[in-house]
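Coordinates from data_28.cif are shown below (mmCIF, C-alpha atoms).
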```
data_query
loop_
_atom_site.label_atom_id
_atom_site.label_comp_id
_atom_site.auth_asym_id
_atom_site.auth_seq_id
_atom_site.Cartn_x
_atom_site.Cartn_y
_atom_site.Cartn_z
CA MET A 1 -20.71 -52.61 -12.19
CA ARG A 2 -23.64 -52.24 -9.85
CA SER A 3 -24.56 -49.03 -8.18
CA ASN A 4 -25.08 -48.89 -4.42
CA SER A 5 -28.84 -48.36 -4.72
CA GLN A 6 -29.25 -51.41 -6.97
CA LEU A 7 -27.18 -53.57 -4.62
CA ARG A 8 -29.37 -52.46 -1.73
CA VAL A 9 -32.48 -53.59 -3.67
CA LEU A 10 -30.99 -57.05 -4.18
CA GLU A 11 -30.08 -57.33 -0.51
CA LYS A 12 -33.68 -56.46 0.50
CA ILE A 13 -35.10 -59.12 -1.87
CA GLU A 14 -32.70 -61.77 -0.57
CA SER A 15 -33.46 -60.94 3.05
CA LYS A 16 -37.23 -61.19 2.49
CA THR A 17 -36.83 -64.51 0.67
CA LYS A 18 -34.95 -65.96 3.67
CA VAL A 19 -37.76 -64.87 5.97
CA TYR A 20 -40.35 -66.55 3.73
CA LEU A 21 -38.33 -69.80 3.63
CA ILE A 22 -38.06 -69.84 7.42
CA ILE A 23 -41.83 -69.32 7.80
CA ILE A 24 -42.56 -72.14 5.30
CA ALA A 25 -40.14 -74.44 7.12
CA ILE A 26 -41.85 -73.75 10.47
CA LEU A 27 -45.31 -74.45 9.00
CA MET A 28 -44.12 -77.73 7.46
CA ILE A 29 -42.54 -78.80 10.75
CA LEU A 30 -45.84 -78.17 12.56
CA LEU A 31 -47.67 -80.13 9.87
CA CYS A 32 -45.29 -83.05 10.20
CA ILE A 33 -45.66 -83.07 13.99
CA SER A 34 -49.43 -83.31 13.66
CA ASN A 35 -49.11 -86.20 11.18
CA ILE A 36 -45.80 -87.97 10.41
CA VAL A 37 -47.17 -89.10 7.07
CA TYR A 38 -46.43 -85.60 5.66
CA ILE A 39 -42.71 -85.70 6.44
CA ILE A 40 -41.49 -86.99 3.07
CA PRO A 41 -43.90 -84.85 0.94
CA CYS A 42 -42.95 -81.77 2.98
CA LEU A 43 -39.23 -82.40 2.47
CA VAL A 44 -39.71 -82.81 -1.28
CA VAL A 45 -41.88 -79.72 -1.57
CA TYR A 46 -39.49 -77.62 0.57
CA ALA A 47 -36.50 -78.74 -1.52
CA LEU A 48 -38.33 -77.71 -4.69
CA ILE A 49 -39.17 -74.34 -3.15
CA VAL A 50 -35.54 -73.74 -2.16
CA PHE A 51 -34.30 -74.78 -5.61
CA TYR A 52 -36.78 -72.47 -7.33
CA THR A 53 -35.87 -69.59 -5.01
CA ILE A 54 -32.14 -69.94 -5.77
CA TRP A 55 -32.82 -70.20 -9.52
CA ALA A 56 -35.14 -67.12 -9.53
CA THR A 57 -32.69 -65.06 -7.47
CA ASN A 58 -29.77 -65.86 -9.76
CA ARG A 59 -31.88 -65.03 -12.79
CA ARG A 60 -32.83 -61.64 -11.32
CA LYS A 61 -29.18 -60.93 -10.56
CA GLY A 62 -28.17 -61.82 -14.10
CA GLU A 63 -30.86 -59.65 -15.67
CA LEU A 64 -29.97 -56.75 -13.39
CA SER A 65 -26.24 -57.12 -14.15
CA THR A 66 -26.93 -57.12 -17.88
CA TYR A 67 -29.10 -54.01 -17.54
CA ILE A 68 -26.45 -52.20 -15.50
CA GLU A 69 -23.71 -53.07 -17.97
CA GLU A 70 -25.77 -51.78 -20.89
CA LEU A 71 -26.62 -48.63 -18.94
CA THR A 72 -22.95 -48.06 -18.07
CA ILE A 73 -21.90 -48.50 -21.70
CA ASN A 74 -24.59 -46.04 -22.81
CA VAL A 75 -23.59 -43.51 -20.14
CA ASP A 76 -19.89 -43.82 -21.02
CA SER A 77 -20.69 -43.43 -24.70
CA ALA A 78 -22.85 -40.37 -24.00
CA ALA A 79 -20.11 -38.88 -21.79
CA LYS A 80 -17.50 -39.42 -24.50
CA ASN A 81 -19.71 -37.90 -27.18
CA THR A 82 -20.47 -34.95 -24.90
CA LEU A 83 -16.77 -34.43 -24.24
CA ILE A 84 -15.75 -34.71 -27.90
CA ASN A 85 -18.61 -32.54 -29.18
CA SER A 86 -18.51 -30.03 -26.34
CA PRO A 87 -19.30 -26.46 -27.42
CA PHE A 88 -16.50 -25.28 -25.09
CA PRO A 89 -12.82 -25.56 -25.99
CA ILE A 90 -11.30 -28.42 -23.94
CA ILE A 91 -7.72 -29.54 -23.53
CA VAL A 92 -6.36 -32.52 -21.58
CA LEU A 93 -2.72 -32.44 -20.54
CA GLU A 94 -0.21 -33.68 -18.01
CA THR A 95 1.08 -31.54 -15.18
CA ASN A 96 4.35 -30.99 -17.05
CA GLY A 97 2.41 -29.25 -19.82
CA LYS A 98 2.45 -32.13 -22.32
CA VAL A 99 -0.80 -32.11 -24.30
CA ILE A 100 -2.71 -35.41 -24.39
CA TRP A 101 -5.83 -34.38 -26.32
CA ARG A 102 -7.54 -31.25 -27.68
CA SER A 103 -11.13 -30.95 -28.77
CA SER A 104 -11.93 -29.78 -32.29
CA THR A 105 -13.62 -26.73 -30.75
CA PHE A 106 -10.34 -25.88 -29.00
CA ASN A 107 -8.38 -26.10 -32.26
CA ASN A 108 -10.89 -23.88 -34.08
CA GLU A 109 -11.07 -21.34 -31.24
CA PHE A 110 -7.33 -20.79 -30.94
CA ILE A 111 -6.20 -21.53 -34.50
CA ASP A 112 -4.57 -18.09 -34.90
CA VAL A 113 -3.58 -17.57 -31.24
CA ASN A 114 -0.41 -18.52 -29.37
CA ILE A 115 -2.14 -20.37 -26.56
CA ASN A 116 0.89 -22.39 -25.39
CA GLU A 117 2.13 -19.75 -22.95
CA HIS A 118 -1.24 -19.57 -21.19
CA ILE A 119 -1.48 -23.37 -21.05
CA ASP A 120 2.01 -23.70 -19.53
CA ILE A 121 1.24 -21.11 -16.85
CA THR A 122 -2.08 -22.78 -16.02
CA ALA A 123 -0.51 -26.25 -15.89
CA LYS A 124 2.24 -25.09 -13.51
CA GLU A 125 -0.29 -23.34 -11.30
CA MET A 126 -2.49 -26.44 -11.10
CA LYS A 127 0.48 -28.74 -10.52
CA VAL A 128 1.53 -26.79 -7.43
CA GLU A 129 -2.02 -26.78 -6.05
CA LEU A 130 -2.74 -30.46 -6.80
CA GLU A 131 0.39 -31.58 -4.94
CA THR A 132 -1.05 -30.22 -1.70
CA ASN A 133 -4.77 -30.44 -2.50
CA PRO A 134 -5.81 -33.25 -4.91
CA SER A 135 -9.39 -31.94 -5.01
CA PHE A 136 -8.30 -28.46 -6.17
CA LYS A 137 -10.51 -26.85 -8.84
CA LEU A 138 -9.18 -23.98 -10.94
CA ASP A 139 -11.54 -21.14 -11.77
CA LYS A 140 -10.10 -17.87 -13.05
CA LYS A 141 -10.42 -15.30 -15.83
CA ILE A 142 -7.74 -14.62 -18.42
CA GLU A 143 -7.57 -12.43 -21.51
CA ILE A 144 -6.42 -14.00 -24.78
CA ASP A 145 -6.24 -12.00 -28.00
CA ASN A 146 -8.71 -9.33 -26.78
CA ARG A 147 -11.12 -12.03 -25.64
CA VAL A 148 -11.92 -12.88 -22.04
CA TYR A 149 -12.19 -16.52 -21.00
CA ARG A 150 -13.26 -18.19 -17.81
CA VAL A 151 -10.76 -21.02 -17.33
CA ILE A 152 -12.09 -24.02 -15.39
CA GLY A 153 -9.70 -26.83 -14.60
CA SER A 154 -9.66 -30.02 -12.54
CA GLY A 155 -7.14 -32.79 -11.95
CA VAL A 156 -7.64 -36.56 -12.09
CA LYS A 157 -5.21 -38.78 -10.19
CA THR A 158 -3.79 -41.39 -12.56
CA ARG A 159 -1.08 -43.29 -10.70
CA GLN A 160 1.35 -43.07 -7.80
CA LYS A 161 5.00 -43.96 -7.63
CA ASP A 162 5.40 -46.04 -4.47
CA LYS A 163 9.03 -45.14 -3.86
CA LYS A 164 8.82 -41.40 -4.27
CA LYS A 165 5.19 -41.10 -3.16
CA ILE A 166 4.56 -38.64 -5.97
CA SER A 167 0.99 -38.42 -7.23
CA GLN A 168 0.55 -38.08 -10.98
CA HIS A 169 -2.40 -36.15 -12.35
CA MET A 170 -4.06 -35.58 -15.66
CA ILE A 171 -5.48 -32.07 -16.05
CA MET A 172 -8.64 -31.19 -17.95
CA ILE A 173 -9.19 -27.49 -18.72
CA TYR A 174 -12.29 -25.80 -20.16
CA PHE A 175 -12.22 -22.37 -21.80
CA VAL A 176 -15.54 -20.53 -21.62
CA ASN A 177 -15.70 -17.35 -23.71
CA ILE A 178 -17.24 -14.64 -21.51
CA THR A 179 -16.19 -11.65 -23.59
CA GLU A 180 -19.73 -10.42 -24.18
CA GLU A 181 -20.65 -10.86 -20.52
CA GLU A 182 -17.57 -8.87 -19.49
CA LYS A 183 -18.47 -6.12 -21.94
CA LEU A 184 -21.98 -5.92 -20.50
CA LEU A 185 -20.57 -5.88 -16.96
CA LYS A 186 -18.11 -3.14 -17.91
CA LYS A 187 -20.91 -1.14 -19.53
CA TYR A 188 -23.02 -1.55 -16.41
CA GLU A 189 -20.16 -0.47 -14.14
CA ASP A 190 -19.38 2.51 -16.37
CA THR A 191 -22.94 3.79 -16.02
CA GLN A 192 -22.77 3.65 -12.22
CA THR A 193 -22.64 6.99 -10.44
CA CYS A 194 -19.64 8.35 -8.58
CA VAL A 195 -20.16 11.05 -5.96
CA GLY A 196 -17.42 13.46 -5.03
CA MET A 197 -16.78 16.47 -2.84
CA ILE A 198 -14.39 19.31 -3.64
CA MET A 199 -13.21 21.81 -1.05
CA ILE A 200 -11.02 24.88 -1.52
CA ASP A 201 -8.30 24.71 1.14
CA ASN A 202 -8.01 27.64 3.54
CA PHE A 203 -10.59 29.56 1.55
CA GLU A 204 -11.37 32.13 4.23
CA GLU A 205 -7.69 32.86 4.88
CA ALA A 206 -6.93 33.18 1.19
CA ILE A 207 -9.87 35.51 0.55
CA GLN A 208 -9.01 37.74 3.50
CA ARG A 209 -5.59 38.44 1.97
CA LEU A 210 -7.19 39.79 -1.21
CA ALA A 211 -8.49 43.25 -1.83
CA ALA A 212 -12.23 43.61 -2.24
CA GLU A 213 -11.99 44.19 -6.01
CA GLU A 214 -9.74 41.13 -6.45
CA LYS A 215 -11.96 38.57 -4.69
CA PRO A 216 -14.64 38.09 -7.42
CA GLY A 217 -11.99 37.51 -10.09
CA ILE A 218 -10.11 34.87 -8.11
CA ILE A 219 -13.31 33.08 -7.08
CA ALA A 220 -14.55 33.14 -10.67
CA ALA A 221 -11.23 31.72 -11.93
CA ILE A 222 -11.43 28.82 -9.47
CA GLU A 223 -15.05 28.05 -10.31
CA LYS A 224 -14.30 28.27 -14.05
CA GLU A 225 -11.61 25.60 -13.76
CA LEU A 226 -13.87 23.35 -11.68
CA TYR A 227 -16.91 23.65 -13.97
CA GLU A 228 -14.81 23.06 -17.10
CA TRP A 229 -13.31 19.97 -15.49
CA ALA A 230 -16.80 18.69 -14.65
CA THR A 231 -18.02 19.37 -18.20
CA GLN A 232 -15.19 17.29 -19.69
CA THR A 233 -16.42 14.26 -17.77
CA GLY A 234 -20.11 14.87 -18.46
CA GLY A 235 -20.70 15.36 -14.77
CA VAL A 236 -22.72 17.79 -12.70
CA MET A 237 -21.09 20.08 -10.14
CA ILE A 238 -23.11 22.00 -7.57
CA LYS A 239 -21.77 24.64 -5.22
CA THR A 240 -23.15 23.95 -1.75
CA GLU A 241 -21.06 26.44 0.27
CA ARG A 242 -18.58 29.20 -0.48
CA ASP A 243 -15.70 26.73 -0.53
CA THR A 244 -17.45 23.39 -1.10
CA PHE A 245 -18.79 21.66 -4.22
CA VAL A 246 -20.59 18.37 -4.79
CA TYR A 247 -19.64 16.55 -7.98
CA VAL A 248 -21.61 13.68 -9.61
CA PHE A 249 -20.43 11.82 -12.73
CA ASP A 250 -20.41 8.42 -14.46
CA GLN A 251 -17.83 5.88 -13.34
CA LYS A 252 -16.47 5.42 -16.89
CA TYR A 253 -14.54 8.70 -16.49
CA LEU A 254 -12.94 7.59 -13.22
CA GLU A 255 -10.06 5.69 -14.80
CA GLU A 256 -9.20 8.70 -16.97
CA MET A 257 -9.03 10.88 -13.84
CA ARG A 258 -6.73 8.37 -12.17
CA GLU A 259 -4.41 8.27 -15.17
CA GLU A 260 -4.21 12.07 -15.17
CA LYS A 261 -3.67 11.98 -11.38
CA PHE A 262 -6.48 14.51 -10.99
CA SER A 263 -4.89 17.25 -13.04
CA ILE A 264 -7.42 19.76 -11.69
CA LEU A 265 -5.24 19.97 -8.55
CA ASP A 266 -2.39 21.49 -10.56
CA LYS A 267 -4.65 23.72 -12.65
CA VAL A 268 -6.02 25.45 -9.57
CA LYS A 269 -2.50 25.94 -8.20
CA GLU A 270 -1.57 27.76 -11.40
CA ILE A 271 -4.17 30.47 -10.78
CA GLU A 272 -2.24 33.66 -10.08
CA THR A 273 -3.04 35.70 -7.00
CA PRO A 274 -1.72 39.19 -6.16
CA GLU A 275 0.30 37.95 -3.19
CA GLN A 276 1.41 34.77 -4.97
CA HIS A 277 -0.58 32.74 -2.44
CA GLN A 278 -1.01 29.27 -3.88
CA LEU A 279 -4.59 28.03 -3.91
CA THR A 280 -5.16 24.30 -3.45
CA LEU A 281 -8.05 21.83 -3.52
CA THR A 282 -9.01 18.75 -1.57
CA ILE A 283 -11.05 16.21 -3.53
CA ALA A 284 -12.85 13.14 -2.16
CA ILE A 285 -14.60 10.74 -4.54
CA SER A 286 -16.47 7.54 -3.73
CA ALA A 287 -17.51 4.76 -6.10
CA GLU A 288 -18.62 2.54 -3.22
CA GLY A 289 -22.19 2.18 -2.03
CA ASN A 290 -25.56 0.78 -3.06
CA SER A 291 -27.14 4.21 -3.44
CA ASN A 292 -26.07 7.78 -4.16
CA HIS A 293 -26.69 8.66 -0.52
CA GLU A 294 -24.30 5.92 0.65
CA LYS A 295 -21.69 7.11 -1.84
CA TYR A 296 -22.13 10.67 -0.55
CA GLU A 297 -21.59 9.49 3.03
CA SER A 298 -18.52 7.55 1.90
CA ALA A 299 -17.19 10.68 0.15
CA LEU A 300 -17.65 12.65 3.39
CA THR A 301 -15.53 10.10 5.25
CA ALA A 302 -12.88 10.27 2.53
CA MET A 303 -12.90 14.08 2.76
CA ASP A 304 -12.27 13.90 6.51
CA LEU A 305 -9.37 11.57 5.86
CA ALA A 306 -7.91 13.86 3.18
CA LEU A 307 -8.21 16.95 5.40
CA GLY A 308 -6.54 15.06 8.23
CA ARG A 309 -3.61 14.33 5.91
CA GLY A 310 -3.20 18.03 5.18
CA GLY A 311 -5.38 18.58 2.11
CA ASP A 312 -4.05 19.48 -1.36
CA GLN A 313 -4.84 16.01 -2.64
CA ALA A 314 -7.48 13.72 -4.09
CA VAL A 315 -8.75 10.66 -2.24
CA LEU A 316 -10.64 7.91 -4.05
CA ARG A 317 -12.69 5.31 -2.19
CA LYS A 318 -13.18 2.19 -4.31
CA ASP A 319 -13.29 -1.56 -3.68
CA GLU A 320 -12.99 -0.97 0.08
CA LYS A 321 -9.64 0.78 -0.39
CA TYR A 322 -8.39 4.37 -0.37
CA TYR A 323 -6.25 5.71 -3.20
CA PHE A 324 -4.35 8.99 -2.76
CA PHE A 325 -3.21 11.44 -5.42
CA GLY A 326 -1.32 14.74 -5.05
CA GLY A 327 -0.49 16.32 -1.73
CA LYS A 328 2.61 18.38 -2.60
CA SER A 329 1.80 21.77 -1.11
CA GLN A 330 3.93 22.50 1.96
CA GLU A 331 1.84 25.48 2.98
CA VAL A 332 -1.39 23.52 3.18
CA GLU A 333 0.24 20.74 5.18
CA LYS A 334 0.71 23.19 8.06
CA ARG A 335 -2.91 24.23 8.27
CA THR A 336 -4.89 23.34 11.40
CA ARG A 337 -8.46 23.51 10.09
CA VAL A 338 -10.56 21.24 12.34
CA LYS A 339 -7.69 18.80 12.10
CA ALA A 340 -8.40 17.01 15.38
CA ARG A 341 -12.01 16.33 14.38
CA VAL A 342 -11.29 15.07 10.90
CA ILE A 343 -8.46 12.82 12.08
CA ALA A 344 -10.73 11.40 14.78
CA ASN A 345 -13.45 10.68 12.22
CA ALA A 346 -10.95 9.08 9.86
CA LEU A 347 -9.56 6.89 12.66
CA ASP A 348 -13.09 5.86 13.58
CA GLU A 349 -13.72 4.74 9.99
CA LEU A 350 -10.40 2.93 9.57
CA ILE A 351 -10.47 1.06 12.88
CA SER A 352 -14.14 0.08 12.48
CA GLU A 353 -13.44 -1.59 9.13
CA ALA A 354 -10.15 -3.26 10.15
CA SER A 355 -9.90 -6.81 11.49
CA ASN A 356 -6.74 -6.01 13.46
CA VAL A 357 -4.65 -2.91 14.12
CA MET A 358 -0.85 -2.58 13.98
CA ILE A 359 0.49 0.54 15.76
CA MET A 360 3.97 1.85 14.87
CA GLY A 361 5.69 5.00 16.10
CA HIS A 362 9.09 6.46 15.20
CA ALA A 363 11.99 4.20 14.22
CA ASN A 364 13.59 5.08 17.56
CA GLY A 365 10.49 5.91 19.54
CA ASP A 366 10.65 8.37 22.43
CA MET A 367 8.26 8.68 25.36
CA ASP A 368 5.78 10.78 23.36
CA SER A 369 5.68 8.21 20.57
CA PHE A 370 5.31 5.29 22.98
CA GLY A 371 2.60 7.06 24.96
CA ALA A 372 0.67 7.88 21.78
CA SER A 373 0.95 4.23 20.74
CA LEU A 374 -0.56 3.14 24.06
CA GLY A 375 -3.41 5.61 23.57
CA LEU A 376 -4.16 4.27 20.09
CA TYR A 377 -3.93 0.71 21.45
CA ARG A 378 -6.57 1.48 24.05
CA LEU A 379 -8.74 3.13 21.37
CA ALA A 380 -8.53 -0.01 19.19
CA LYS A 381 -9.44 -2.23 22.16
CA THR A 382 -12.46 0.01 22.80
CA PHE A 383 -13.61 -0.95 19.28
CA GLU A 384 -13.06 -4.60 20.33
CA LYS A 385 -10.29 -5.03 17.75
CA GLU A 386 -7.15 -7.15 18.04
CA ALA A 387 -4.34 -4.60 18.38
CA TYR A 388 -0.52 -4.71 18.56
CA ILE A 389 2.20 -2.15 19.24
CA VAL A 390 5.24 -2.76 17.01
CA GLN A 391 8.47 -1.25 18.36
CA ARG A 392 11.82 -1.75 16.65
CA GLN A 393 13.87 -1.04 19.75
CA LEU A 394 13.33 0.39 23.21
CA ARG A 395 15.21 3.26 24.76
CA ALA A 396 16.40 2.81 28.31
CA TYR A 397 14.08 5.44 29.81
CA ILE A 398 10.91 3.81 28.44
CA ARG A 399 11.93 0.16 28.95
CA LYS A 400 10.54 0.15 32.51
CA LEU A 401 7.17 1.43 31.29
CA TYR A 402 7.21 -1.18 28.54
CA GLU A 403 7.99 -4.05 30.91
CA ASN A 404 5.18 -2.98 33.22
CA ASP A 405 2.65 -2.82 30.38
CA ARG A 406 3.81 -6.16 28.97
CA ARG A 407 3.37 -7.90 32.33
CA GLU A 408 -0.19 -6.64 32.45
CA GLY A 409 -0.84 -7.88 28.91
CA ARG A 410 -1.37 -4.49 27.29
CA ILE A 411 1.42 -4.91 24.72
CA ARG A 412 3.41 -7.76 23.18
CA ARG A 413 7.13 -8.50 22.98
CA PRO A 414 8.93 -6.07 20.64
CA CYS A 415 9.81 -7.08 17.10
CA ASN A 416 13.58 -7.52 16.57
CA ARG A 417 13.39 -7.13 12.81
CA GLN A 418 12.97 -3.88 10.97
CA THR A 419 9.30 -3.28 10.29
CA LYS A 420 8.14 -1.64 7.08
CA SER A 421 4.73 -0.14 6.65
CA THR A 422 3.09 -1.51 3.51
CA GLY A 423 -0.13 0.42 3.86
CA ARG A 424 -3.28 -0.01 5.84
CA ASN A 425 -3.43 -3.09 8.07
CA LYS A 426 -6.56 -5.17 8.02
#
```
If you convert what's in this file into structure tokens, what do you get?
Amino acid sequence: MRSNSQLRVLEKIESKTKVYLIIIAILMILLCISNIVYIIPCLVVYALIVFYTIWATNRRKGELSTYIEELTINVDSAAKNTLINSPFPIIVLETNGKVIWRSSTFNNEFIDVNINEHIDITAKEMKVELETNPSFKLDKKIEIDNRVYRVIGSGVKTRQKDKKKISQHMIMIYFVNITEEEKLLKKYEDTQTCVGMIMIDNFEEAIQRLAAEEKPGIIAAIEKELYEWATQTGGVMIKTERDTFVYVFDQKYLEEMREEKFSILDKVKEIETPEQHQLTLTIAISAEGNSNHEKYESALTAMDLALGRGGDQAVLRKDEKYYFFGGKSQEVEKRTRVKARVIANALDELISEASNVMIMGHANGDMDSFGASLGLYRLAKTFEKEAYIVQRQLRAYIRKLYENDRREGRIRRPCNRQTKSTGRNK
């Protein structure tokens, strides 16, 4: 087979040869006009030139074809040898999971591992994708026998059934062992710094209820629990205000804290006070940011969000998401400490990062709920965000207001199905 570039070269040679033959023919015609004696010699010479040109062109084509065939055979042989002797485990199979061929590296890599389940899952996944997108390329990570592999797969169309119009594919899958790379990445992530803030809820109110001689003991008990908790994670805790602490630690301890659901919240609640007033904490931790300063700013935002939710909880900011732990104290939920400000700051953060905003009030919203929804809608539009008010049903006394706002394009038609909140809308 000839490549496109080689065919283009032949076409250029042939086109130039035609031009030369035309020029020679014109010169011979002029020569014959000047002297008719040269007609026969010119015809003989021109015929010889044409014959030689055809012979030389065919010879070049034959030599080029032979060269291309040899090159193709060599390339195919090299490709086959590369495939067979690949350092990566390779398997070729049909979309139904039937194995066509496995490389020796594949057999050696998974000799003591039940790999069939992973292959079946991968084949089914690729089959679904290839039916809608024939150029689909699989690229994912899976864990097999405590080893992490990057699985790279592609499909090759083999035949098509004319009646059913079903495309058949052959799947080739590579397994690249990236266990060491994952370990290094995990080690790097574990050494990253997390920055947190800890605040004692209603500190001033709680202290005012205590007698003068009782205050140092209670404060010392709280700080003892906090510093011991920080020591267990190898972190550093600094008291910045009477009721506020800054906490810095390595990220490798973060998963342990999440599994324990921030047990320090319960430990502080267990501290006994003379009037049985339960002490609570609000914790905000951020693992998101390119510098410690950015993580500190992110922790401040998370703290505002936690305080707006009532405190007595831990909020973790990671991977552009918020994770909440705790929040069981009924007494703290009623507190009003700068609640309007912190909720406003939290709304600012959430709306700024969202791509669209869904606003939902009560299941059977009254005028207050509907009015608040309109206010939040206008706030979202001020941030130039796409916003929607979702209302399950409308009461008669707010239907007129709704119809007026819908005509003016401020809200959309209500949803007739029951709407469930699945978390933060983005």
**Study point:** Residue neighbourhood Met199 of chain A, 8 Å, only C-alpha atoms, exclusion window fewer than 3 positions, as a PyMOL selection string
**Key:** chain A and resi 243-245+281-283
Check your understanding: the PyMOL selection byres ((chain A and resi 94) around 7) on the file shown: which residues, as a list in words?
Key ->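 This file gives the following for the PyMOL selection byres ((chain A and resi 94) around 7): Leu93, Thr95, Asn96, Gly97, Lys98, Val99, His169, Met170 and Ile171 of chain A.
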Check your understanding: Rounded to one decimal in Å, what is the spacing between atom CA of Glu288 of chain A and atom CA of Met237 of chain A?
Key ->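 Going from atom CA of Glu288 of chain A over to atom CA of Met237 of chain A covers 19.0 Å.
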**Study point:** Atomic distance atom CA of Ser34 of chain A - atom CA of Leu48 of chain A, expressed in Å with one decimal
**Key:** 22.2 Å
Study note, to complete from the structure: Using all atoms listed in the file, the residue out of A:Val268, A:Ile29, A:Ala211, A:Val195 with shortest distance to Glu294 of chain A is A:Val195
Practice item. Around the point (-12.2, -25.6, -15.8), in the coordinates given by the file, pick out the residues reaching within 10 Å, counting all atoms listed in the file, and return them as an MDAnalysis selection string. Key: chainID A and resid 90:91 137:140 150:155 171:176
Review point. Distance atom CA of Ser355 of chain A-atom CA of Leu376 of chain A, one decimal place?
Key: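 So the two atoms, atom CA of Ser355 of chain A and atom CA of Leu376 of chain A, lie 15.2 Å apart.
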Missing atoms in segment 194-206 of chain A: can you complete it with N, CA and C atoms, as a PDB file, in the coordinates of the input?
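Output file result-v3.pdb is given in full below:
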```pdb
ATOM      1  N   CYS A 194     -20.642   8.015  -9.594  1.00  0.00           N
ATOM      2  CA  CYS A 194     -19.640   8.350  -8.580  1.00  0.00           C
ATOM      3  C   CYS A 194     -20.015   9.696  -7.961  1.00  0.00           C
ATOM      4  N   VAL A 195     -19.841   9.806  -6.674  1.00  0.00           N
ATOM      5  CA  VAL A 195     -20.160  11.050  -5.960  1.00  0.00           C
ATOM      6  C   VAL A 195     -18.887  11.586  -5.335  1.00  0.00           C
ATOM      7  N   GLY A 196     -18.632  12.859  -5.570  1.00  0.00           N
ATOM      8  CA  GLY A 196     -17.420  13.460  -5.030  1.00  0.00           C
ATOM      9  C   GLY A 196     -17.684  14.781  -4.333  1.00  0.00           C
ATOM     10  N   MET A 197     -16.741  15.173  -3.517  1.00  0.00           N
ATOM     11  CA  MET A 197     -16.780  16.470  -2.840  1.00  0.00           C
ATOM     12  C   MET A 197     -15.470  17.194  -3.135  1.00  0.00           C
ATOM     13  N   ILE A 198     -15.568  18.487  -3.371  1.00  0.00           N
ATOM     14  CA  ILE A 198     -14.390  19.310  -3.640  1.00  0.00           C
ATOM     15  C   ILE A 198     -14.410  20.489  -2.673  1.00  0.00           C
ATOM     16  N   MET A 199     -13.295  20.711  -2.022  1.00  0.00           N
ATOM     17  CA  MET A 199     -13.210  21.810  -1.050  1.00  0.00           C
ATOM     18  C   MET A 199     -11.970  22.652  -1.364  1.00  0.00           C
ATOM     19  N   ILE A 200     -12.139  23.955  -1.343  1.00  0.00           N
ATOM     20  CA  ILE A 200     -11.020  24.880  -1.520  1.00  0.00           C
ATOM     21  C   ILE A 200     -10.319  25.033  -0.176  1.00  0.00           C
ATOM     22  N   ASP A 201      -9.043  24.686  -0.124  1.00  0.00           N
ATOM     23  CA  ASP A 201      -8.300  24.710   1.140  1.00  0.00           C
ATOM     24  C   ASP A 201      -8.083  26.147   1.621  1.00  0.00           C
ATOM     25  N   ASN A 202      -8.278  26.345   2.919  1.00  0.00           N
ATOM     26  CA  ASN A 202      -8.010  27.640   3.540  1.00  0.00           C
ATOM     27  C   ASN A 202      -8.677  28.793   2.786  1.00  0.00           C
ATOM     28  N   PHE A 203      -9.898  28.579   2.391  1.00  0.00           N
ATOM     29  CA  PHE A 203     -10.590  29.560   1.550  1.00  0.00           C
ATOM     30  C   PHE A 203     -10.717  30.912   2.254  1.00  0.00           C
ATOM     31  N   GLU A 204     -11.159  30.885   3.494  1.00  0.00           N
ATOM     32  CA  GLU A 204     -11.370  32.130   4.230  1.00  0.00           C
ATOM     33  C   GLU A 204     -10.058  32.907   4.381  1.00  0.00           C
ATOM     34  N   GLU A 205      -8.978  32.192   4.713  1.00  0.00           N
ATOM     35  CA  GLU A 205      -7.690  32.860   4.880  1.00  0.00           C
ATOM     36  C   GLU A 205      -7.194  33.462   3.571  1.00  0.00           C
ATOM     37  N   ALA A 206      -7.392  32.692   2.488  1.00  0.00           N
ATOM     38  CA  ALA A 206      -6.930  33.180   1.190  1.00  0.00           C
ATOM     39  C   ALA A 206      -7.720  34.401   0.738  1.00  0.00           C
TER      40      ALA A 206
END
```
